[in-house]
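Visitor: Let me give you the structure first, and then I'll get to my questions.
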Amino acid sequence: MTFALHSALLRRTLLGASFALVTTLTSLPAHAEDQITFVSQGGAYQKAQTVAILDPAAKTLNITINQDSIPDAWPAIKTQVGSGKPTWDVVDTPTGYCLRGGEQGLIEKLDFSKIPNAAAMPAAYRSDYSVAYEFYSSVLAYSQKTYAGIAPNSWADFWDVKKFPGRRALRNHPIATLEAALMADGVAPDKLYPLDVDRAFRKLEEIKPYVTVWWTSGAQSAQLLNDGEVDMIMAWNGRVSALIDDGAKVGFTYNQGVLQSTSLCILKGAPNLPTAVRFLNEAVDPVNQANLPLHIDYGPANPRAFDTGVIKPERAAQLPSAPENAAKQALMSYAWWSSPAGEDAEKRWVAFMQK
């Protein structure tokens, strides 16, 4: 298992929790083919998407959506497809899983003529094997007590230990951290890929002596900031927003954030393939997508969700995928991280941390 393929899993609040749900309708369809099994990552996230997306989709399509959850879907995907009799249809999982699964013959190739809602989304939000489902960001967060005057607003500021003295924390993980290092070194957010790995690690060597904690979970990152153990940190926007909602004197900026996603993909040989394709289209319907941030701090993947009127302007301003916020950020290239160059960068990270 590579680091990159864990990128979205580690930020979830469940951390090891799993459960199974069944979306029930007042009138169940008569045929077995009018159902799918949908798999996600559990916890508050899956509960939110059930209310926002899954229940409305089930009603619109007149299907039953059986649900399962698992923190790490990749081993199960390989096992199910390898058996020749998969029981899952659609999986909500880190985008890298979908890409790797497509390359290995584990994920169905998508026909976007049958998924018009996805076809209308930006090309960078989809691949032959995946459709972006929701967005979150790795952002620069900071203590408003420490930086009561001028707050850090870029990764160059994070690296500037003279202008912004204080204790720092970064994620013990190369994905997004290498991107931040390159932006600190002057690379524009839209010019990052292919990553100049040598340049990124040279820049990381500069800041390494000033990093007091290399965090390994979203919960840990939030605790470090909330308890005042660090003054600035790379963290996931949802974690910082939760602290702000609880009254913590912290802030963050979307400037030079790294916009990341989970995606939907369909298992090769899915038992309910035609229905799964119909569901995929409904799951990225603009209105259904707009419902998600009403229940949890993730941004819709379909930009047209912001044109529905469901998301009020003040809420949109808080979301990572809102057009104004997305324009300030670097869009994660999962294709690069899934390539041999990305895998080599992950191996190099281990050696960097062991120095």
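Please note that chains go A, B, ... in the order of the structure tokens, that every chain numbers its residues from 1, and that ligands are numbered from 1 in the order shown.
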What's the 8 Å shell around Thr275 (chain A), counting only C-alpha atoms, without same-chain residues fewer than 3 positions away, as a ChimeraX atom specification?

Guide: /A:33-36,272,278-279

Visitor: Please produce an output containing N, CA and C atoms for each residue in the selection, written as a PDB file, in the first residue's frame.

Guide:
```pdb
ATOM      1  N   GLU A  33     -32.039  -6.315 -10.323  1.00  0.00           N
ATOM      2  CA  GLU A  33     -31.146  -5.422 -11.050  1.00  0.00           C
ATOM      3  C   GLU A  33     -31.406  -3.951 -10.722  1.00  0.00           C
ATOM      4  N   ASP A  34     -32.506  -3.659 -10.018  1.00  0.00           N
ATOM      5  CA  ASP A  34     -32.826  -2.290  -9.641  1.00  0.00           C
ATOM      6  C   ASP A  34     -32.229  -1.945  -8.281  1.00  0.00           C
ATOM      7  N   GLN A  35     -30.999  -2.382  -8.077  1.00  0.00           N
ATOM      8  CA  GLN A  35     -30.305  -2.079  -6.843  1.00  0.00           C
ATOM      9  C   GLN A  35     -28.812  -2.013  -7.123  1.00  0.00           C
ATOM     10  N   ILE A  36     -28.100  -1.394  -6.212  1.00  0.00           N
ATOM     11  CA  ILE A  36     -26.639  -1.419  -6.253  1.00  0.00           C
ATOM     12  C   ILE A  36     -26.136  -1.554  -4.820  1.00  0.00           C
ATOM     13  N   ASN A 272     -24.370  -5.159 -10.960  1.00  0.00           N
ATOM     14  CA  ASN A 272     -25.490  -4.314 -11.400  1.00  0.00           C
ATOM     15  C   ASN A 272     -24.954  -3.133 -12.217  1.00  0.00           C
ATOM     16  N   ARG A 278     -26.124   4.503 -14.015  1.00  0.00           N
ATOM     17  CA  ARG A 278     -27.198   5.471 -13.777  1.00  0.00           C
ATOM     18  C   ARG A 278     -26.988   6.181 -12.442  1.00  0.00           C
ATOM     19  N   PHE A 279     -26.598   5.413 -11.432  1.00  0.00           N
ATOM     20  CA  PHE A 279     -26.361   6.016 -10.124  1.00  0.00           C
ATOM     21  C   PHE A 279     -25.208   7.004 -10.172  1.00  0.00           C
TER      22      PHE A 279
END
```

Visitor: Near Ala48 (chain A), within 10 Å and counting only C-alpha atoms, which residues show up once chain neighbours fewer than 2 positions away are dropped, as a list in words?

Guide: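 So the residues in contact are Gly42, Gly43, Ala44, Tyr45, Gln46, Thr50, Val51, Ala52, Ile53, Leu54, Asn291, Leu292, Pro293, Leu294, His295, Ile296 and Asp297 of chain A.
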
Visitor: Taking N, CA, C and O atoms for each residue, export the selection above as a PDB file, in the first residue's frame.

Guide:
```
ATOM      1  N   GLY A  42     -17.515   5.295   5.854  1.00  0.00           N
ATOM      2  CA  GLY A  42     -18.148   5.254   7.160  1.00  0.00           C
ATOM      3  C   GLY A  42     -18.188   6.574   7.890  1.00  0.00           C
ATOM      4  O   GLY A  42     -17.922   7.638   7.343  1.00  0.00           O
ATOM      5  N   GLY A  43     -18.562   6.507   9.164  1.00  0.00           N
ATOM      6  CA  GLY A  43     -18.544   7.661  10.041  1.00  0.00           C
ATOM      7  C   GLY A  43     -19.494   8.761   9.630  1.00  0.00           C
ATOM      8  O   GLY A  43     -20.473   8.563   8.899  1.00  0.00           O
ATOM      9  N   ALA A  44     -19.191   9.973  10.131  1.00  0.00           N
ATOM     10  CA  ALA A  44     -20.031  11.134   9.858  1.00  0.00           C
ATOM     11  C   ALA A  44     -20.104  11.429   8.364  1.00  0.00           C
ATOM     12  O   ALA A  44     -21.129  11.913   7.867  1.00  0.00           O
ATOM     13  N   TYR A  45     -19.033  11.120   7.645  1.00  0.00           N
ATOM     14  CA  TYR A  45     -18.993  11.385   6.205  1.00  0.00           C
ATOM     15  C   TYR A  45     -20.051  10.562   5.475  1.00  0.00           C
ATOM     16  O   TYR A  45     -20.838  11.088   4.683  1.00  0.00           O
ATOM     17  N   GLN A  46     -20.130   9.269   5.741  1.00  0.00           N
ATOM     18  CA  GLN A  46     -21.093   8.443   5.015  1.00  0.00           C
ATOM     19  C   GLN A  46     -22.523   8.753   5.441  1.00  0.00           C
ATOM     20  O   GLN A  46     -23.446   8.687   4.639  1.00  0.00           O
ATOM     21  N   THR A  50     -25.349   9.999   2.795  1.00  0.00           N
ATOM     22  CA  THR A  50     -26.614   9.257   2.710  1.00  0.00           C
ATOM     23  C   THR A  50     -27.785  10.220   2.627  1.00  0.00           C
ATOM     24  O   THR A  50     -28.674  10.076   1.775  1.00  0.00           O
ATOM     25  N   VAL A  51     -27.791  11.207   3.505  1.00  0.00           N
ATOM     26  CA  VAL A  51     -28.880  12.183   3.529  1.00  0.00           C
ATOM     27  C   VAL A  51     -28.840  13.086   2.304  1.00  0.00           C
ATOM     28  O   VAL A  51     -29.869  13.365   1.684  1.00  0.00           O
ATOM     29  N   ALA A  52     -27.641  13.524   1.927  1.00  0.00           N
ATOM     30  CA  ALA A  52     -27.498  14.529   0.873  1.00  0.00           C
ATOM     31  C   ALA A  52     -27.620  13.961  -0.534  1.00  0.00           C
ATOM     32  O   ALA A  52     -28.180  14.607  -1.420  1.00  0.00           O
ATOM     33  N   ILE A  53     -27.075  12.754  -0.749  1.00  0.00           N
ATOM     34  CA  ILE A  53     -26.941  12.240  -2.109  1.00  0.00           C
ATOM     35  C   ILE A  53     -27.594  10.872  -2.308  1.00  0.00           C
ATOM     36  O   ILE A  53     -28.361  10.662  -3.253  1.00  0.00           O
ATOM     37  N   LEU A  54     -27.305   9.934  -1.411  1.00  0.00           N
ATOM     38  CA  LEU A  54     -27.746   8.556  -1.661  1.00  0.00           C
ATOM     39  C   LEU A  54     -29.261   8.406  -1.578  1.00  0.00           C
ATOM     40  O   LEU A  54     -29.877   7.785  -2.462  1.00  0.00           O
ATOM     41  N   ASN A 291     -26.198  19.552  -2.005  1.00  0.00           N
ATOM     42  CA  ASN A 291     -26.719  19.173  -0.690  1.00  0.00           C
ATOM     43  C   ASN A 291     -25.606  18.762   0.275  1.00  0.00           C
ATOM     44  O   ASN A 291     -25.749  18.911   1.495  1.00  0.00           O
ATOM     45  N   LEU A 292     -24.497  18.215  -0.252  1.00  0.00           N
ATOM     46  CA  LEU A 292     -23.471  17.649   0.625  1.00  0.00           C
ATOM     47  C   LEU A 292     -22.902  18.652   1.622  1.00  0.00           C
ATOM     48  O   LEU A 292     -22.833  18.364   2.821  1.00  0.00           O
ATOM     49  N   PRO A 293     -22.469  19.850   1.190  1.00  0.00           N
ATOM     50  CA  PRO A 293     -21.883  20.772   2.167  1.00  0.00           C
ATOM     51  C   PRO A 293     -22.882  21.359   3.153  1.00  0.00           C
ATOM     52  O   PRO A 293     -22.474  22.097   4.058  1.00  0.00           O
ATOM     53  N   LEU A 294     -24.160  21.035   3.001  1.00  0.00           N
ATOM     54  CA  LEU A 294     -25.135  21.430   4.014  1.00  0.00           C
ATOM     55  C   LEU A 294     -25.026  20.536   5.247  1.00  0.00           C
ATOM     56  O   LEU A 294     -25.569  20.860   6.307  1.00  0.00           O
ATOM     57  N   HIS A 295     -24.308  19.412   5.104  1.00  0.00           N
ATOM     58  CA  HIS A 295     -24.231  18.424   6.176  1.00  0.00           C
ATOM     59  C   HIS A 295     -22.815  18.146   6.661  1.00  0.00           C
ATOM     60  O   HIS A 295     -22.633  17.538   7.720  1.00  0.00           O
ATOM     61  N   ILE A 296     -21.802  18.558   5.893  1.00  0.00           N
ATOM     62  CA  ILE A 296     -20.420  18.271   6.276  1.00  0.00           C
ATOM     63  C   ILE A 296     -19.501  19.232   5.522  1.00  0.00           C
ATOM     64  O   ILE A 296     -19.888  19.780   4.471  1.00  0.00           O
ATOM     65  N   ASP A 297     -18.295  19.460   6.042  1.00  0.00           N
ATOM     66  CA  ASP A 297     -17.388  20.467   5.475  1.00  0.00           C
ATOM     67  C   ASP A 297     -16.556  19.947   4.316  1.00  0.00           C
ATOM     68  O   ASP A 297     -15.322  20.064   4.312  1.00  0.00           O
TER      69      ASP A 297
END
```

Visitor: Can you measure CA of Val161 (chain A) to CA of Lys203 (chain A) for me? One decimal in Å is fine.

Guide: 13.4 Å

Visitor: Name the residues of region 16-256 of chain A that fall into helix (DSSP H, G or I) according to DSSP on the backbone, using the chain letters and numbers of this document, as a VMD selection string.

Guide: chain A and resid 43 to 61 74 to 83 95 to 103 112 to 114 116 to 119 123 to 125 155 to 159 177 to 184 189 to 191 197 to 210 218 to 226 237 to 245

Visitor: Counting only C-alpha atoms, what is within 7 Å of region 78-84 of chain A, bar same-chain residues fewer than 2 positions away, as a list in words?

Guide: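 The residues satisfying every condition are Trp74, Pro75, Ala76, Pro86, Leu106 and Lys268 of chain A.
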
Visitor: Produce a file of the selected residues containing C-alpha atoms, as a PDB file, in the first residue's frame.

Guide:
```pdb
ATOM      1  CA  TRP A  74      -8.161  -1.258  -1.986  1.00  0.00           C
ATOM      2  CA  PRO A  75      -7.451  -4.797  -0.665  1.00  0.00           C
ATOM      3  CA  ALA A  76     -11.132  -5.676  -0.868  1.00  0.00           C
ATOM      4  CA  PRO A  86     -17.687  -9.052  -6.973  1.00  0.00           C
ATOM      5  CA  LEU A 106     -10.026  -3.972 -11.580  1.00  0.00           C
ATOM      6  CA  LYS A 268     -14.924  -4.549 -13.008  1.00  0.00           C
TER       7      LYS A 268
END
```

Visitor: How many Å separate CA of Trp215 (chain A) from CA of Leu170 (chain A)?

Guide: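 It comes out at 6.3 Å.
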